[in-house]
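**Student:** Have a look at the structure that comes next, please.
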Amino acid sequence: MKTLQQTFTVSYSFPVIFTRGAFHPDNDALSGALAAAGRKTNRTLVVMDASIADADKNLLGKIERYGQRHRDILEFVDSPFFIRGGEVCKNEPAGVEKIHELTNRYHLCRHSFVLAIGGGAVLDIAGYAAATAHRGIRLIRMPTTTLSQNDAGVGVKTGINAFGRKNYLGTFTPPYAVINDFAFLDTLPERDKRAGIAEAVKVAIIKDRAFFDDLYRNRHKLAAFDADAMERMIIRCAELHMEHIGASGDPFECGSARPLDFGHWSAHKIEELTGGDVKHGEAVAMGIALDSLYSFQIGNISEIELRRIFVTLEDIGFDLYHWALGWLDIGRALREFQEHLGGDLTITLLDGIGSRVEVHEIDTALLRKCIDRLSTRKQDRRSKNDHAPEPEIRTGDSGHLLHREPRPSP
Ligand SMILES: NC(=O)c1ccc[n+]([C@@H]2O[C@H](COP(=O)([O-])OP(=O)(O)OC[C@H]3O[C@@H](n4cnc5c(N)ncnc54)[C@H](O)[C@@H]3O)[C@@H](O)[C@H]2O)c1
Ligand SMILES: [Zn+2]
């Protein structure tokens, strides 16, 4: 027997640029990113979330003028290809097939570019199509939602849904560049503006207590979508995601742990069970609440910490319970999460706010109780507590579940 051992390392580096007005003729975020490729002409296919063009009737004209102004470096091969955005577009292969047809029709080579402009769903489709044409055409992402700017757009994953399962088909493919244009958020519906804030709460509570304190302090500003608070939140959240991906030693998730998916095992099921009616970020807020409550129940965070997480999410405007949680087949959801990550079941839980622990066993009966508790809390808030002021927290009460009025513990 003879074994030859192959070993090599590939290093990646890409800029994540924050700007406003990316298609203003003088804005050099895109032209600069293309110039860095060192080629004279950069043939580029634009794939765009249709909602953005609907929301800004001047956008296509701006893109066209930008192309003319920067024609020394940028060549649009056609007018933009539109995809109807939202989760539903990830459920069907048509978008990917159409992009492949276009990359083939315009003879894009592996040094050409797909410029994807849109929410996380369109970025995922365009990214998957770009990654699989010629085994990888360069992708520049221009994320247009809170969630895609602070999380999905800065990561290294692409994907579409298949067999009724989230992100069943996909690749790990870093983008060539990411351009976050805050002006896109101006036209975003409130639900989508809010949804992405959940990812900031997620990454803060697993990695950065000071950031969580900021989010807690600024929760009312964030609820009102104050531009300054939103932009600071997006930049710090994106930075923490990037730090994790770049420095964790596992950018392509070869191990079984996936801390950035804190709260996501149930969130993905909520999205599936509701056919996308609950948005990804909204489902993540519920998943965070559930796994935080479970962390509290096993003694990993204090009642004060749990309360601060709940209050932050609720004051920003998130519901922490949906009927889909009540319907959850917990065992199956955990098995599918394990299968998607590979290897042993690994669930990230909190270990105080700002740090985390990976566990390999989950008490499903306790988890069910936590779900019931979130349901009761929602009913309580609906019936009488909606506008009641938060009562003072008594320290040393950490053996009891969080509730607004004294009530027997479960
Ligand atoms: N690849 C990754 O690493 C990764 C990470 C996190 C999430 N995701 C994926 O991202 C998706 C969620 O992304 P999302 O929260 O951005 O939502 P989304 O892409 O579903 O977009 C939400 C809605 O906003 C519209 N829209 C987008 N930008 C707009 C704008 N500027 N003005 C008006 N309307 C606009 C879209 O058309 C859509 O209707 C999920 O599919 C999730 O799985 C991927
Ligand atoms: Zn997410």
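In the structure tokens, each chain is lettered A, B, ... as it comes, each chain's residues begin at 1, and ligands are numbered from 1 in order of appearance.
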Could you make a table, as a Markdown table, of the residues of stretch 253-333 of chain A that have an atom within 9 Å of an atom of stretch 194-216 of chain A, each with its nearest atom pair and distance in Å to one decimal, counting only C-alpha atoms, in chain and number order?
**Tutor:**
```
| residue | atom | partner | partner_atom | distance |
| --- | --- | --- | --- | --- |
| A:Pro259 | CA | A:Ile206 | CA | 7.5 |
| A:Leu260 | CA | A:Val203 | CA | 6.6 |
| A:Asp261 | CA | A:Lys202 | CA | 8.5 |
| A:Phe262 | CA | A:Lys202 | CA | 6.7 |
| A:Gly263 | CA | A:Lys202 | CA | 7.7 |
| A:Lys279 | CA | A:Ala195 | CA | 7.0 |
| A:His280 | CA | A:Ala195 | CA | 7.1 |
| A:Gly281 | CA | A:Ala195 | CA | 4.2 |
| A:Glu282 | CA | A:Ala195 | CA | 5.2 |
| A:Ala283 | CA | A:Ala195 | CA | 8.5 |
| A:Val284 | CA | A:Ala198 | CA | 6.3 |
| A:Ala285 | CA | A:Ala198 | CA | 5.3 |
| A:Ile288 | CA | A:Lys202 | CA | 6.7 |
| A:Arg308 | CA | A:Tyr216 | CA | 7.2 |
| A:Ile309 | CA | A:Tyr216 | CA | 8.0 |
| A:Val311 | CA | A:Tyr216 | CA | 8.0 |
| A:Thr312 | CA | A:Tyr216 | CA | 5.4 |
| A:Leu313 | CA | A:Ala198 | CA | 7.4 |
| A:Ile316 | CA | A:Arg194 | CA | 7.5 |
| A:Gly317 | CA | A:Arg194 | CA | 7.5 |
| A:Phe318 | CA | A:Arg194 | CA | 8.0 |
```
**Student:** Please produce an output containing N, CA and C atoms for each residue in the selection, written as a short mmCIF file (atom, residue, chain, number, x, y, z; two decimals), in the first residue's frame.
**Tutor:**
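Written file, result-v9.cif:
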```
data_model
loop_
_atom_site.label_atom_id
_atom_site.label_comp_id
_atom_site.auth_asym_id
_atom_site.auth_seq_id
_atom_site.Cartn_x
_atom_site.Cartn_y
_atom_site.Cartn_z
N PRO A 259 -21.62 28.10 16.62
CA PRO A 259 -22.12 29.08 17.58
C PRO A 259 -22.97 30.19 16.94
N LEU A 260 -22.64 30.57 15.70
CA LEU A 260 -23.42 31.64 15.07
C LEU A 260 -24.85 31.19 14.77
N ASP A 261 -25.09 29.90 14.95
CA ASP A 261 -26.46 29.40 14.79
C ASP A 261 -27.13 29.23 16.15
N PHE A 262 -26.69 29.98 17.15
CA PHE A 262 -27.39 29.97 18.44
C PHE A 262 -28.87 30.29 18.19
N GLY A 263 -29.74 29.48 18.75
CA GLY A 263 -31.18 29.73 18.58
C GLY A 263 -31.74 29.31 17.24
N LYS A 279 -40.57 35.41 9.42
CA LYS A 279 -39.31 35.71 8.75
C LYS A 279 -38.13 35.14 9.53
N HIS A 280 -37.02 34.97 8.82
CA HIS A 280 -35.86 34.33 9.46
C HIS A 280 -35.49 35.04 10.78
N GLY A 281 -35.36 36.34 10.73
CA GLY A 281 -34.97 37.08 11.95
C GLY A 281 -36.01 36.97 13.05
N GLU A 282 -37.28 36.97 12.67
CA GLU A 282 -38.34 36.83 13.68
C GLU A 282 -38.27 35.46 14.33
N ALA A 283 -38.01 34.43 13.51
CA ALA A 283 -37.88 33.08 14.05
C ALA A 283 -36.64 32.96 14.93
N VAL A 284 -35.58 33.67 14.55
CA VAL A 284 -34.35 33.64 15.35
C VAL A 284 -34.61 34.28 16.73
N ALA A 285 -35.41 35.34 16.76
CA ALA A 285 -35.73 35.97 18.05
C ALA A 285 -36.40 34.95 18.98
N ILE A 288 -33.80 32.40 20.07
CA ILE A 288 -32.94 32.96 21.11
C ILE A 288 -33.65 32.90 22.46
N ARG A 308 -33.17 40.53 30.92
CA ARG A 308 -32.61 41.56 30.02
C ARG A 308 -32.68 41.10 28.56
N ILE A 309 -32.46 39.82 28.34
CA ILE A 309 -32.57 39.30 26.96
C ILE A 309 -34.02 39.43 26.47
N VAL A 311 -36.46 41.37 27.60
CA VAL A 311 -36.90 42.77 27.50
C VAL A 311 -36.29 43.41 26.25
N THR A 312 -35.04 43.12 25.98
CA THR A 312 -34.41 43.68 24.78
C THR A 312 -35.18 43.25 23.54
N LEU A 313 -35.43 41.95 23.42
CA LEU A 313 -36.12 41.45 22.23
C LEU A 313 -37.55 42.01 22.15
N ILE A 316 -37.76 45.74 21.39
CA ILE A 316 -37.44 46.02 19.97
C ILE A 316 -38.63 45.67 19.10
N GLY A 317 -39.51 44.82 19.61
CA GLY A 317 -40.76 44.56 18.87
C GLY A 317 -40.96 43.11 18.46
N PHE A 318 -40.14 42.20 19.02
CA PHE A 318 -40.26 40.80 18.64
C PHE A 318 -41.27 40.07 19.52
#
```
**Student:** Give me, as a tab-separated table, the closest atom pair and its distance (Å, one decimal) for every residue of chain A within a cut-off of 7 Å of ligand 1, counting only C-alpha atoms and all ligand atoms, rows sorted by chain and rising number.
**Tutor:**
```
residue	atom	partner	partner_atom_place_in_ligand_line	distance
A:Asp49	CA	ligand 1	37 (O)	5.5
A:Ala50	CA	ligand 1	37 (O)	6.2
A:Ser51	CA	ligand 1	37 (O)	4.4
A:Ile52	CA	ligand 1	32 (N)	4.7
A:Ala55	CA	ligand 1	33 (C)	5.7
A:Arg84	CA	ligand 1	37 (O)	6.0
A:Gly85	CA	ligand 1	37 (O)	3.4
A:Gly86	CA	ligand 1	20 (O)	3.2
A:Glu87	CA	ligand 1	20 (O)	4.7
A:Lys90	CA	ligand 1	41 (O)	6.8
A:Gly118	CA	ligand 1	28 (N)	5.1
A:Gly119	CA	ligand 1	19 (O)	3.3
A:Gly120	CA	ligand 1	13 (O)	3.3
A:Ala121	CA	ligand 1	19 (O)	3.7
A:Val122	CA	ligand 1	19 (O)	5.7
A:Asp124	CA	ligand 1	1 (N)	5.4
A:Thr144	CA	ligand 1	28 (N)	4.4
A:Thr145	CA	ligand 1	16 (O)	4.7
A:Thr146	CA	ligand 1	16 (O)	6.5
A:Leu147	CA	ligand 1	15 (O)	4.7
A:Ser148	CA	ligand 1	16 (O)	4.5
A:Asp151	CA	ligand 1	6 (C)	5.6
A:Ala152	CA	ligand 1	5 (C)	3.4
A:Gly153	CA	ligand 1	2 (C)	6.7
A:Gly155	CA	ligand 1	3 (O)	4.9
A:Val156	CA	ligand 1	3 (O)	6.1
A:Lys157	CA	ligand 1	1 (N)	4.3
A:Thr158	CA	ligand 1	1 (N)	4.7
A:Gly159	CA	ligand 1	1 (N)	6.4
A:Lys166	CA	ligand 1	43 (O)	6.9
A:Asn167	CA	ligand 1	43 (O)	6.8
A:Phe184	CA	ligand 1	31 (N)	4.2
A:Leu185	CA	ligand 1	31 (N)	5.1
A:Asp186	CA	ligand 1	31 (N)	6.8
A:Thr187	CA	ligand 1	32 (N)	4.2
A:Leu188	CA	ligand 1	32 (N)	3.7
A:Pro189	CA	ligand 1	33 (C)	6.0
A:Asp192	CA	ligand 1	22 (C)	5.7
A:Ala195	CA	ligand 1	15 (O)	6.4
A:Gly196	CA	ligand 1	15 (O)	5.9
A:Lys279	CA	ligand 1	15 (O)	6.8
A:His280	CA	ligand 1	12 (C)	5.4
A:Gly281	CA	ligand 1	15 (O)	6.1
```
**Student:** Under the rule that only C-alpha atoms and all ligand atoms are counted, which of A:Thr274, A:Gln149, A:Glu336, A:Asp344 is the nearest residue to ligand 2?
**Tutor:**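 For ligand 2, the nearest of the given residues is A:Gln149.
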**Student:** Between A:Glu358, A:Glu305, A:Asp26, A:Glu271, single out the one closest to ligand 2, counting only C-alpha atoms and all ligand atoms.
**Tutor:**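 Among the listed residues, the smallest separation from ligand 2 belongs to A:Glu271.
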**Student:** Identify all residues of stretch 83-179 of chain A in helix (DSSP H, G or I) (DSSP on the backbone) and supply them as a ChimeraX atom specification.
**Tutor:** /A:87-90,94-105,120-135,146-150,152-154
**Student:** Take the residues from that selection and write them out as a short mmCIF file (atom, residue, chain, number, x, y, z; two decimals), in the first residue's frame, keeping N, CA, C and O atoms.
**Tutor:**
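Produced file again05.cif, reproduced below:
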```cif
data_model
loop_
_atom_site.label_atom_id
_atom_site.label_comp_id
_atom_site.auth_asym_id
_atom_site.auth_seq_id
_atom_site.Cartn_x
_atom_site.Cartn_y
_atom_site.Cartn_z
N GLU A 87 -38.20 34.49 1.28
CA GLU A 87 -37.84 33.07 1.45
C GLU A 87 -38.38 32.19 0.33
O GLU A 87 -37.73 31.23 -0.09
N VAL A 88 -39.53 32.56 -0.20
CA VAL A 88 -40.19 31.70 -1.18
C VAL A 88 -39.30 31.48 -2.41
O VAL A 88 -39.33 30.41 -3.03
N CYS A 89 -38.46 32.47 -2.73
CA CYS A 89 -37.61 32.32 -3.93
C CYS A 89 -36.53 31.26 -3.72
O CYS A 89 -35.99 30.72 -4.70
N LYS A 90 -36.24 30.93 -2.46
CA LYS A 90 -35.24 29.88 -2.20
C LYS A 90 -35.83 28.48 -2.31
O LYS A 90 -35.12 27.49 -2.29
N ALA A 94 -35.86 27.59 -9.95
CA ALA A 94 -35.95 28.39 -11.18
C ALA A 94 -34.95 29.55 -11.20
O ALA A 94 -34.34 29.84 -12.24
N GLY A 95 -34.78 30.22 -10.07
CA GLY A 95 -33.88 31.38 -10.02
C GLY A 95 -32.45 30.97 -10.34
O GLY A 95 -31.75 31.63 -11.13
N VAL A 96 -32.01 29.87 -9.75
CA VAL A 96 -30.65 29.39 -9.98
C VAL A 96 -30.47 29.00 -11.45
O VAL A 96 -29.48 29.36 -12.09
N GLU A 97 -31.47 28.29 -11.98
CA GLU A 97 -31.38 27.85 -13.38
C GLU A 97 -31.29 29.05 -14.32
O GLU A 97 -30.51 29.06 -15.28
N LYS A 98 -32.07 30.08 -14.03
CA LYS A 98 -32.08 31.26 -14.91
C LYS A 98 -30.71 31.97 -14.85
O LYS A 98 -30.18 32.40 -15.88
N ILE A 99 -30.15 32.06 -13.66
CA ILE A 99 -28.83 32.72 -13.56
C ILE A 99 -27.78 31.90 -14.32
O ILE A 99 -26.94 32.45 -15.04
N HIS A 100 -27.85 30.58 -14.19
CA HIS A 100 -26.92 29.74 -14.96
C HIS A 100 -27.09 29.97 -16.46
O HIS A 100 -26.11 30.04 -17.21
N GLU A 101 -28.35 30.07 -16.88
CA GLU A 101 -28.61 30.30 -18.30
C GLU A 101 -27.94 31.62 -18.74
O GLU A 101 -27.35 31.70 -19.82
N LEU A 102 -28.03 32.63 -17.87
CA LEU A 102 -27.45 33.93 -18.24
C LEU A 102 -25.93 33.91 -18.22
O LEU A 102 -25.27 34.48 -19.10
N THR A 103 -25.35 33.24 -17.23
CA THR A 103 -23.87 33.19 -17.20
C THR A 103 -23.35 32.46 -18.43
O THR A 103 -22.32 32.81 -18.99
N ASN A 104 -24.13 31.46 -18.87
CA ASN A 104 -23.75 30.72 -20.08
C ASN A 104 -23.97 31.59 -21.33
O ASN A 104 -23.08 31.71 -22.17
N ARG A 105 -25.15 32.25 -21.38
CA ARG A 105 -25.47 33.05 -22.58
C ARG A 105 -24.43 34.15 -22.79
O ARG A 105 -24.02 34.43 -23.90
N GLY A 120 -31.15 38.65 2.06
CA GLY A 120 -30.40 37.41 2.25
C GLY A 120 -30.85 36.30 1.32
O GLY A 120 -30.02 35.50 0.87
N ALA A 121 -32.14 36.25 1.00
CA ALA A 121 -32.64 35.16 0.16
C ALA A 121 -32.07 35.28 -1.26
O ALA A 121 -31.56 34.30 -1.82
N VAL A 122 -32.15 36.47 -1.82
CA VAL A 122 -31.62 36.66 -3.19
C VAL A 122 -30.10 36.49 -3.19
O VAL A 122 -29.53 35.89 -4.12
N LEU A 123 -29.43 36.97 -2.15
CA LEU A 123 -27.97 36.78 -2.09
C LEU A 123 -27.63 35.29 -2.03
O LEU A 123 -26.64 34.85 -2.64
N ASP A 124 -28.44 34.53 -1.30
CA ASP A 124 -28.19 33.08 -1.19
C ASP A 124 -28.34 32.39 -2.54
O ASP A 124 -27.54 31.53 -2.92
N ILE A 125 -29.40 32.77 -3.28
CA ILE A 125 -29.63 32.15 -4.59
C ILE A 125 -28.53 32.55 -5.57
O ILE A 125 -27.93 31.71 -6.25
N ALA A 126 -28.29 33.85 -5.65
CA ALA A 126 -27.29 34.33 -6.61
C ALA A 126 -25.91 33.77 -6.26
O ALA A 126 -25.13 33.40 -7.15
N GLY A 127 -25.64 33.68 -4.96
CA GLY A 127 -24.35 33.14 -4.51
C GLY A 127 -24.20 31.68 -4.90
O GLY A 127 -23.14 31.24 -5.34
N TYR A 128 -25.29 30.93 -4.72
CA TYR A 128 -25.26 29.50 -5.06
C TYR A 128 -25.06 29.31 -6.56
O TYR A 128 -24.25 28.49 -7.01
N ALA A 129 -25.80 30.12 -7.34
CA ALA A 129 -25.67 30.01 -8.80
C ALA A 129 -24.25 30.41 -9.23
O ALA A 129 -23.63 29.72 -10.05
N ALA A 130 -23.73 31.48 -8.66
CA ALA A 130 -22.38 31.93 -9.04
C ALA A 130 -21.33 30.90 -8.64
O ALA A 130 -20.38 30.62 -9.38
N ALA A 131 -21.53 30.29 -7.46
CA ALA A 131 -20.53 29.33 -6.96
C ALA A 131 -20.51 28.05 -7.78
O ALA A 131 -19.50 27.35 -7.81
N THR A 132 -21.62 27.74 -8.44
CA THR A 132 -21.69 26.47 -9.16
C THR A 132 -21.50 26.62 -10.67
O THR A 132 -21.30 25.62 -11.35
N ALA A 133 -21.55 27.84 -11.20
CA ALA A 133 -21.26 28.02 -12.63
C ALA A 133 -19.75 28.03 -12.80
O ALA A 133 -19.05 28.79 -12.10
N HIS A 134 -19.26 27.23 -13.68
CA HIS A 134 -17.80 27.07 -13.87
C HIS A 134 -17.09 26.74 -12.55
O HIS A 134 -15.94 27.10 -12.33
N ARG A 135 -17.81 26.18 -11.60
CA ARG A 135 -17.30 25.90 -10.24
C ARG A 135 -16.89 27.19 -9.51
O ARG A 135 -16.05 27.17 -8.61
N THR A 146 -31.50 44.68 6.76
CA THR A 146 -30.73 44.70 8.01
C THR A 146 -29.98 43.38 8.16
O THR A 146 -28.77 43.35 8.41
N LEU A 147 -30.72 42.28 7.99
CA LEU A 147 -30.14 40.96 8.25
C LEU A 147 -29.04 40.61 7.26
O LEU A 147 -28.03 40.02 7.61
N SER A 148 -29.23 41.01 6.02
CA SER A 148 -28.20 40.65 5.05
C SER A 148 -26.97 41.53 5.22
O SER A 148 -25.85 41.11 4.93
N GLN A 149 -27.15 42.75 5.75
CA GLN A 149 -25.98 43.62 5.97
C GLN A 149 -25.21 43.22 7.23
O GLN A 149 -23.99 43.32 7.27
N ASN A 150 -25.94 42.75 8.26
CA ASN A 150 -25.21 42.49 9.51
C ASN A 150 -24.85 41.01 9.67
O ASN A 150 -24.15 40.65 10.61
N ALA A 152 -26.03 37.75 6.91
CA ALA A 152 -25.98 36.86 5.74
C ALA A 152 -24.98 37.31 4.68
O ALA A 152 -24.27 36.49 4.09
N GLY A 153 -24.92 38.62 4.44
CA GLY A 153 -24.09 39.12 3.34
C GLY A 153 -22.60 39.06 3.61
O GLY A 153 -21.80 39.01 2.67
N VAL A 154 -22.21 39.04 4.89
CA VAL A 154 -20.78 39.10 5.19
C VAL A 154 -20.18 37.70 5.43
O VAL A 154 -19.00 37.57 5.67
#
```
**Student:** Taking only C-alpha atoms into account, name the residue in A:His322, A:Ile353, A:Ser383, A:Pro93 that is nearest to A:Arg307.
**Tutor:**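 The shortest atom-to-atom distance to A:Arg307 comes from A:Ile353.
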**Student:** Provide the atom CA of A:Phe163 to atom CA of A:Gly342 distance in Å, to one decimal place.
**Tutor:**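 Straight-line distance from atom CA of A:Phe163 to atom CA of A:Gly342 works out to 17.9 Å.
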**Student:** Go through A:Ile73, A:Met286, A:Leu34, A:Leu139 one by one, measure the shortest atom-to-atom distance of each to ligand 2 using only C-alpha atoms and all ligand atoms, and give the residue with the smallest value.
**Tutor:**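 When distances to ligand 2 are compared using only C-alpha atoms and all ligand atoms, the smallest one comes from A:Met286.
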